[in-house]
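To be precise, the following lines are query-v1.cif, and they hold mmCIF, C-alpha atoms and all ligand atoms.
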data_target
loop_
_atom_site.label_atom_id
_atom_site.label_comp_id
_atom_site.auth_asym_id
_atom_site.auth_seq_id
_atom_site.Cartn_x
_atom_site.Cartn_y
_atom_site.Cartn_z
CA THR A 1 0.00 0.00 0.00
CA GLN A 2 0.93 3.66 -0.31
CA LEU A 3 1.06 4.09 3.45
CA GLU A 4 3.36 1.11 3.91
CA GLN A 5 5.74 2.27 1.16
CA ALA A 6 5.81 5.81 2.57
CA LEU A 7 6.62 4.45 6.02
CA ARG A 8 9.37 2.18 4.69
CA ASN A 9 10.88 5.18 2.88
CA ALA A 10 10.61 7.39 5.97
CA ILE A 11 12.47 4.77 8.03
CA ILE A 12 15.26 4.50 5.47
CA ALA A 13 15.49 8.30 5.21
CA ASN A 14 15.53 8.53 9.03
CA GLU A 15 12.46 10.78 8.85
CA VAL A 16 10.37 9.13 11.54
CA ASP A 17 10.78 11.33 14.58
CA VAL A 18 10.59 10.91 18.31
CA HIS A 19 9.05 13.30 20.82
CA PHE A 20 9.46 13.32 24.59
CA GLN A 21 6.97 13.71 27.41
CA PRO A 22 8.19 14.43 30.95
CA ILE A 23 7.55 12.05 33.86
CA VAL A 24 7.71 13.82 37.22
CA ASP A 25 8.10 13.00 40.89
CA LEU A 26 4.69 14.05 42.26
CA ARG A 27 6.14 15.01 45.63
CA ASN A 28 8.30 17.85 44.31
CA ASP A 29 7.42 18.13 40.61
CA ALA A 30 11.02 17.30 39.64
CA VAL A 31 11.40 15.73 36.19
CA VAL A 32 12.81 12.22 36.57
CA GLY A 33 12.59 10.98 32.99
CA PHE A 34 10.90 11.21 29.61
CA GLU A 35 8.74 8.82 27.61
CA ALA A 36 9.75 8.65 23.95
CA LEU A 37 6.78 8.79 21.56
CA ALA A 38 7.02 8.11 17.84
CA ARG A 39 5.88 10.87 15.49
CA TRP A 40 5.64 10.83 11.73
CA CYS A 41 4.50 13.53 9.35
CA ASP A 42 4.60 12.50 5.69
CA ALA A 43 4.85 15.15 2.95
CA ASP A 44 1.81 13.73 1.10
CA LEU A 45 -0.13 11.85 3.76
CA GLY A 46 0.30 14.44 6.50
CA TYR A 47 0.37 13.44 10.17
CA VAL A 48 0.00 9.71 10.76
CA SER A 49 -0.64 8.48 14.33
CA PRO A 50 1.73 5.93 15.88
CA ALA A 51 -1.44 4.02 16.76
CA VAL A 52 -1.65 3.45 12.98
CA PHE A 53 1.95 3.11 11.81
CA VAL A 54 3.36 1.05 14.69
CA PRO A 55 0.82 -1.77 14.14
CA LEU A 56 1.40 -1.48 10.38
CA ALA A 57 5.15 -1.98 10.80
CA GLU A 58 4.42 -4.96 13.06
CA GLU A 59 2.05 -6.58 10.57
CA ARG A 60 4.34 -6.01 7.61
CA GLY A 61 7.38 -7.33 9.47
CA PHE A 62 9.57 -4.23 9.75
CA ILE A 63 8.97 -3.20 13.36
CA ASP A 64 12.65 -3.85 14.15
CA SER A 65 13.86 -1.24 11.66
CA LEU A 66 11.26 1.26 12.91
CA ALA A 67 12.19 0.64 16.54
CA GLU A 68 15.87 0.96 15.72
CA VAL A 69 15.46 4.41 14.13
CA LEU A 70 13.34 5.54 17.09
CA LEU A 71 15.60 4.16 19.81
CA ARG A 72 18.70 5.61 18.13
CA LYS A 73 17.16 9.08 18.02
CA ALA A 74 15.78 8.83 21.53
CA ALA A 75 19.00 7.52 23.10
CA HIS A 76 20.98 10.18 21.29
CA ALA A 77 18.73 12.93 22.63
CA ALA A 78 18.93 11.47 26.15
CA LEU A 79 22.72 11.77 26.08
CA SER A 80 22.46 15.54 25.71
CA TRP A 81 20.04 16.08 28.61
CA PRO A 82 21.61 18.03 31.47
CA LYS A 83 20.88 15.33 34.04
CA GLU A 84 20.93 11.54 33.96
CA LEU A 85 17.18 11.31 33.53
CA PHE A 86 15.72 8.00 32.42
CA LEU A 87 14.44 7.34 28.92
CA SER A 88 11.25 5.31 28.68
CA PHE A 89 10.72 3.55 25.35
CA ASN A 90 7.60 1.67 24.21
CA LEU A 91 8.00 -1.90 23.02
CA SER A 92 5.38 -3.38 20.70
CA SER A 93 3.84 -6.86 20.93
CA ALA A 94 5.78 -8.18 17.95
CA GLN A 95 9.07 -7.22 19.57
CA LEU A 96 8.13 -9.27 22.62
CA THR A 97 7.71 -12.43 20.54
CA ASP A 98 11.14 -12.09 18.94
CA PRO A 99 13.95 -13.72 20.97
CA THR A 100 16.55 -11.40 19.39
CA THR A 101 14.90 -8.25 20.79
CA SER A 102 16.98 -7.88 23.95
CA ARG A 103 20.26 -8.31 22.06
CA ARG A 104 19.18 -5.80 19.40
CA LEU A 105 18.11 -3.14 21.88
CA LEU A 106 21.16 -3.51 24.10
CA SER A 107 23.44 -3.33 21.07
CA ILE A 108 21.81 -0.07 19.89
CA ILE A 109 22.20 1.74 23.21
CA SER A 110 25.70 0.37 23.67
CA GLN A 111 26.74 1.81 20.27
CA ILE A 112 25.30 5.17 21.26
CA GLY A 113 26.76 5.04 24.74
CA LEU A 114 23.57 5.20 26.77
CA ASP A 115 23.87 3.46 30.13
CA PRO A 116 21.32 0.58 30.20
CA ARG A 117 20.38 1.74 33.70
CA ARG A 118 18.95 4.90 32.13
CA LEU A 119 16.70 2.91 29.81
CA GLU A 120 13.24 1.82 30.72
CA LEU A 121 10.98 -0.25 28.45
CA GLU A 122 7.20 0.02 28.50
CA ILE A 123 5.28 -3.11 27.68
CA THR A 124 1.55 -3.71 27.75
CA GLU A 125 -0.30 -6.67 29.21
CA THR A 126 -1.61 -7.54 25.76
CA ALA A 127 1.93 -7.69 24.40
CA VAL A 128 3.02 -9.93 27.25
CA MET A 129 0.06 -12.25 26.65
CA ALA A 130 0.97 -12.97 23.02
CA ASP A 131 3.77 -15.39 23.91
CA ALA A 132 4.35 -15.29 27.64
CA ASP A 133 7.40 -17.59 27.67
CA ILE A 134 9.44 -15.60 25.16
CA ALA A 135 8.26 -12.28 26.62
CA GLN A 136 9.34 -13.41 30.08
CA LYS A 137 12.76 -14.40 28.78
CA ILE A 138 13.23 -11.05 26.99
CA VAL A 139 12.22 -9.12 30.11
CA ALA A 140 14.61 -11.19 32.26
CA GLU A 141 17.54 -10.59 29.86
CA LEU A 142 16.92 -6.86 29.74
CA ARG A 143 16.60 -6.56 33.51
CA ALA A 144 19.79 -8.55 33.97
CA ALA A 145 21.53 -5.89 31.87
CA GLY A 146 20.20 -3.13 34.14
CA VAL A 147 17.25 -1.99 32.00
CA ARG A 148 14.03 -1.32 33.89
CA VAL A 149 10.69 -2.58 32.66
CA SER A 150 7.30 -1.02 33.24
CA LEU A 151 3.82 -2.36 32.66
CA ASP A 152 2.02 0.23 30.50
CA ASP A 153 -1.72 0.99 30.31
CA PHE A 154 -2.25 -0.92 33.54
CA GLY A 155 -5.82 -1.83 34.33
CA THR A 156 -7.12 -1.95 30.78
CA GLY A 157 -5.84 -5.36 29.64
CA GLN A 158 -6.63 -8.85 30.79
CA SER A 159 -5.32 -10.80 33.80
CA SER A 160 -3.33 -7.83 35.08
CA LEU A 161 -2.74 -9.32 38.50
CA GLY A 162 -1.46 -12.64 37.20
CA ARG A 163 1.08 -10.78 35.07
CA LEU A 164 2.40 -8.95 38.11
CA ARG A 165 3.01 -12.24 39.87
CA ASP A 166 4.62 -14.09 36.95
CA PHE A 167 6.83 -11.30 35.66
CA SER A 168 9.39 -9.12 37.29
CA PHE A 169 8.56 -5.49 36.58
CA ASP A 170 9.95 -2.34 38.10
CA LYS A 171 7.05 -0.02 37.54
CA VAL A 172 3.36 0.12 36.78
CA LYS A 173 1.77 2.87 34.69
CA ILE A 174 -1.87 3.41 35.60
CA ASP A 175 -3.84 3.98 32.43
CA ARG A 176 -5.20 7.46 31.92
CA ALA A 177 -8.74 6.07 31.71
CA PHE A 178 -8.67 5.91 35.54
CA VAL A 179 -6.91 9.24 35.98
CA SER A 180 -9.32 11.11 33.71
CA ARG A 181 -12.29 9.94 35.77
CA ILE A 182 -10.76 10.58 39.16
CA SER A 183 -12.66 13.82 39.71
CA ALA A 184 -15.93 12.48 38.33
CA ASP A 185 -16.37 9.11 39.98
CA ARG A 186 -15.34 7.59 43.29
CA ALA A 187 -14.80 4.16 41.73
CA SER A 188 -11.68 5.32 39.87
CA GLU A 189 -10.33 6.75 43.10
CA HIS A 190 -10.81 3.43 44.89
CA ILE A 191 -9.20 1.53 42.01
CA ILE A 192 -6.15 3.79 42.02
CA LYS A 193 -5.90 3.49 45.81
CA ALA A 194 -5.93 -0.31 45.48
CA ILE A 195 -3.30 -0.30 42.72
CA VAL A 196 -1.02 1.96 44.78
CA SER A 197 -1.35 -0.23 47.86
CA MET A 198 -0.73 -3.41 45.89
CA CYS A 199 2.35 -1.88 44.25
CA GLU A 200 3.73 -0.86 47.63
CA GLY A 201 3.55 -4.48 48.71
CA LEU A 202 5.18 -5.68 45.49
CA GLU A 203 7.80 -2.91 45.69
CA LEU A 204 6.81 -1.47 42.33
CA GLU A 205 6.89 2.21 41.45
CA VAL A 206 3.62 3.73 40.25
CA VAL A 207 3.14 6.28 37.47
CA ALA A 208 -0.23 7.95 36.94
CA GLU A 209 -0.68 8.73 33.26
CA GLY A 210 -2.74 11.46 31.64
CA ILE A 211 -2.73 14.05 34.45
CA GLU A 212 -4.36 17.09 32.87
CA ASP A 213 -4.90 19.54 35.72
CA PHE A 214 -3.78 20.60 39.16
CA SER A 215 -6.69 19.02 41.00
CA GLU A 216 -5.95 15.62 39.46
CA ALA A 217 -2.30 16.00 40.44
CA LEU A 218 -3.30 16.80 44.05
CA LYS A 219 -5.65 13.81 44.28
CA LEU A 220 -3.05 11.40 42.90
CA LYS A 221 -0.44 12.70 45.28
CA ALA A 222 -2.88 12.22 48.17
CA LEU A 223 -3.53 8.65 47.00
CA GLY A 224 0.19 7.94 47.26
CA CYS A 225 1.14 7.82 43.58
CA GLY A 226 4.88 8.45 43.36
CA LEU A 227 5.19 9.55 39.75
CA GLY A 228 3.01 11.34 37.22
CA GLN A 229 2.81 12.15 33.56
CA GLY A 230 0.36 14.17 31.47
CA TYR A 231 -0.39 17.44 29.71
CA PHE A 232 -0.42 19.26 33.08
CA TYR A 233 3.33 18.63 33.41
CA GLY A 234 4.17 18.72 29.73
CA LYS A 235 2.94 17.60 26.33
CA PRO A 236 5.15 15.45 24.13
CA ALA A 237 7.68 17.80 22.49
CA ASP A 238 10.53 17.38 20.03
CA ALA A 239 14.17 17.04 21.08
CA VAL A 240 14.92 20.77 20.76
CA ALA A 241 11.87 21.89 22.73
CA THR A 242 12.70 19.22 25.34
CA MET A 243 16.19 20.68 25.78
CA ARG A 244 14.61 24.13 26.27
CA TYR A 245 12.13 22.68 28.79
CA LEU A 246 15.04 21.21 30.74
CA ALA A 247 17.17 24.34 30.46
CA ASP A 248 14.35 26.34 32.09
CA ARG A 249 14.43 23.97 35.05
CA TYR A 250 18.05 22.96 35.52
O1 LIG B 301 1.46 9.51 21.28
P1 LIG B 301 0.14 8.93 20.97
O2 LIG B 301 -0.94 9.11 21.99
O3 LIG B 301 -0.36 9.37 19.62
O4 LIG B 301 0.40 7.35 20.86
C1 LIG B 301 -0.58 6.47 20.46
C2 LIG B 301 -0.16 5.06 20.80
O5 LIG B 301 1.05 4.71 20.11
C3 LIG B 301 0.12 4.88 22.29
O6 LIG B 301 -0.50 3.66 22.70
C4 LIG B 301 1.59 4.75 22.38
O7 LIG B 301 1.98 3.90 23.43
C5 LIG B 301 1.98 4.17 21.02
N1 LIG B 301 3.33 4.55 20.68
C6 LIG B 301 3.83 5.81 20.56
N2 LIG B 301 5.14 5.77 20.27
C7 LIG B 301 5.49 4.46 20.19
C8 LIG B 301 6.71 3.77 19.94
O8 LIG B 301 7.78 4.35 19.73
N3 LIG B 301 6.67 2.40 19.92
C9 LIG B 301 5.52 1.71 20.17
N4 LIG B 301 5.57 0.39 20.15
N5 LIG B 301 4.35 2.33 20.43
C10 LIG B 301 4.34 3.69 20.45
O1 LIG B 302 -0.21 3.92 25.45
P1 LIG B 302 0.70 4.96 26.01
O2 LIG B 302 0.44 5.20 27.46
O3 LIG B 302 2.15 4.76 25.71
O4 LIG B 302 0.27 6.31 25.28
C1 LIG B 302 0.80 7.52 25.65
C2 LIG B 302 -0.02 8.54 24.90
O5 LIG B 302 -0.87 9.30 25.75
C3 LIG B 302 0.87 9.52 24.20
O6 LIG B 302 0.63 9.40 22.85
C4 LIG B 302 0.44 10.87 24.64
O7 LIG B 302 0.30 11.74 23.52
C5 LIG B 302 -0.88 10.63 25.32
N1 LIG B 302 -1.02 11.51 26.48
C6 LIG B 302 -0.02 11.84 27.32
N2 LIG B 302 -0.48 12.67 28.30
C7 LIG B 302 -1.77 12.87 28.04
C8 LIG B 302 -2.79 13.64 28.71
O8 LIG B 302 -2.59 14.31 29.72
N3 LIG B 302 -4.04 13.60 28.15
C9 LIG B 302 -4.32 12.88 27.03
N4 LIG B 302 -5.55 12.92 26.57
N5 LIG B 302 -3.38 12.14 26.39
C10 LIG B 302 -2.13 12.14 26.89
MN MN B 303 3.61 4.27 27.07
NA NA B 304 -0.16 4.08 28.82
#

Just give me the structure of the file as structure tokens.
Ligand code: G
Ligand code: G
Ligand code: MN
Ligand code: NA
Amino acid sequence: TQLEQALRNAIIANEVDVHFQPIVDLRNDAVVGFEALARWCDADLGYVSPAVFVPLAEERGFIDSLAEVLLRKAAHAALSWPKELFLSFNLSSAQLTDPTTSRRLLSIISQIGLDPRRLELEITETAVMADADIAQKIVAELRAAGVRVSLDDFGTGQSSLGRLRDFSFDKVKIDRAFVSRISADRASEHIIKAIVSMCEGLELEVVAEGIEDFSEALKLKALGCGLGQGYFYGKPADAVATMRYLADRY
């Protein structure tokens, strides 16, 4: 298809871009890291969402080349940040069924010179479900190398709690579906409270995603969420704007 060909060309031409969204410590608003988010604007097709082109690259079998371009750009940007903030990078389902994934990713950051301890990988429950044995092995290899792993979109997939028992994660990201309803319904508040308490017991860090205003930030802090992310703290921005954002703070 036209879209697939355009994407293949953009990857070869290094034109797929990566933006960064801050993740903050809710206690003092300090930036602790950034999530890398893929962005692609084609000359003819215009803006294409990663929710469209990431699955396309997976289906058509070139997710590895897409991920490599993105991780290279992201790791490179992270090296120029004024502090040793972590870089959080999304892994797709197809990458978690490929036993060469850990070697590939570690080799990319090693070439660029990014300390594996600054890298964090976000995986979703759905991705883990696809082939749990291989996924578990990949996660174990990455963690052995010092990379941290977080469970993304927590609460929206299936068998969330089983995954937490079977896998070793470092962090849980509470899906913004809960955060966005925190002011409107008490149920979301109770769910977040339960997730936070469970994560304390399992010694997992908690990130609340999609914080859009001050009152949500206050509520999440009161519920004991350690970390937060969302438009209230910063929208995803390109590498240059991210450097400016950091220069204003540090
Ligand atoms: O940034 P935005 O809300 O448009 O992202 C839409 C979806 O695409 C989100 O679920 C996000 O996790 C996913 N996504 C964004 N960037 C990447 C990436 O680099 N790799 C993978 N696998 N998914 C990404
Ligand atoms: O699936 P994942 O959690 O990786 O998706 C992250 C996506 O959520 C990013 O594409 C980002 O653009 C989007 N996002 C980040 N913060 C906010 C927010 O405060 N509100 C909304 N509506 N979307 C957000
Ligand atoms: Mn994510
Ligand atoms: Na998420």

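Each of A:Gly155, A:Arg181, A:Tyr233, A:Glu122 was compared to A:Phe169 using only C-alpha atoms, and A:Glu122 turns out to be the nearest.
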
Non-local contacts of stretch 84-95 of chain A (9 Å; all atoms listed in the file; under 2 positions in same chain excluded) as a compact mmCIF listing (two decimals) with C-alpha atoms, keeping the file's coordinate frame:
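After the write, result.txt holds the following:
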# COMPACT_ATOMS: atom_id res chain seq x y z
CA PHE A 20 9.46 13.32 24.59
CA VAL A 31 11.40 15.73 36.19
CA VAL A 32 12.81 12.22 36.57
CA GLY A 33 12.59 10.98 32.99
CA PHE A 34 10.90 11.21 29.61
CA GLU A 35 8.74 8.82 27.61
CA ALA A 36 9.75 8.65 23.95
CA LEU A 37 6.78 8.79 21.56
CA VAL A 54 3.36 1.05 14.69
CA PRO A 55 0.82 -1.77 14.14
CA GLU A 58 4.42 -4.96 13.06
CA GLU A 59 2.05 -6.58 10.57
CA GLY A 61 7.38 -7.33 9.47
CA ILE A 63 8.97 -3.20 13.36
CA ASP A 64 12.65 -3.85 14.15
CA ALA A 67 12.19 0.64 16.54
CA LEU A 70 13.34 5.54 17.09
CA LEU A 71 15.60 4.16 19.81
CA ALA A 74 15.78 8.83 21.53
CA ALA A 75 19.00 7.52 23.10
CA ALA A 78 18.93 11.47 26.15
CA LEU A 79 22.72 11.77 26.08
CA TRP A 81 20.04 16.08 28.61
CA PRO A 82 21.61 18.03 31.47
CA THR A 97 7.71 -12.43 20.54
CA ASP A 98 11.14 -12.09 18.94
CA PRO A 99 13.95 -13.72 20.97
CA THR A 100 16.55 -11.40 19.39
CA THR A 101 14.90 -8.25 20.79
CA ARG A 117 20.38 1.74 33.70
CA ARG A 118 18.95 4.90 32.13
CA LEU A 119 16.70 2.91 29.81
CA GLU A 120 13.24 1.82 30.72
CA LEU A 121 10.98 -0.25 28.45
CA GLU A 122 7.20 0.02 28.50
CA ILE A 123 5.28 -3.11 27.68
CA THR A 124 1.55 -3.71 27.75
CA THR A 126 -1.61 -7.54 25.76
CA ALA A 127 1.93 -7.69 24.40
CA VAL A 128 3.02 -9.93 27.25
CA MET A 129 0.06 -12.25 26.65
CA ALA A 130 0.97 -12.97 23.02
CA ALA A 135 8.26 -12.28 26.62
CA ARG A 148 14.03 -1.32 33.89
CA VAL A 149 10.69 -2.58 32.66
CA SER A 150 7.30 -1.02 33.24
CA ASP A 152 2.02 0.23 30.50

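You can rank A:Asp153, A:Asp185, A:Glu200, A:Asp17 by their closest distance to ligand LIG 302 (chain B) using only C-alpha atoms and all ligand atoms, and at the top of that list sits A:Asp153.
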
*Compute the set of protein, DNA and RNA residues whose minimum atom distance to ligand LIG 302 (chain B) is at most 8 Å, using only C-alpha atoms and all ligand atoms, and state it as number ranges by chain.*
A: 21, 35, 37, 50, 90, 122, 152-153, 173, 175-176, 209-212, 229-232, 234-236

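In this structure, atom CA of A:Cys199 sits 11.7 Å away from atom CA of A:Leu151.
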
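You can rank A:Val147, A:Arg186, A:Gly228, A:Asp170 by their closest distance to A:Val24 using only C-alpha atoms, and at the top of that list sits A:Gly228.
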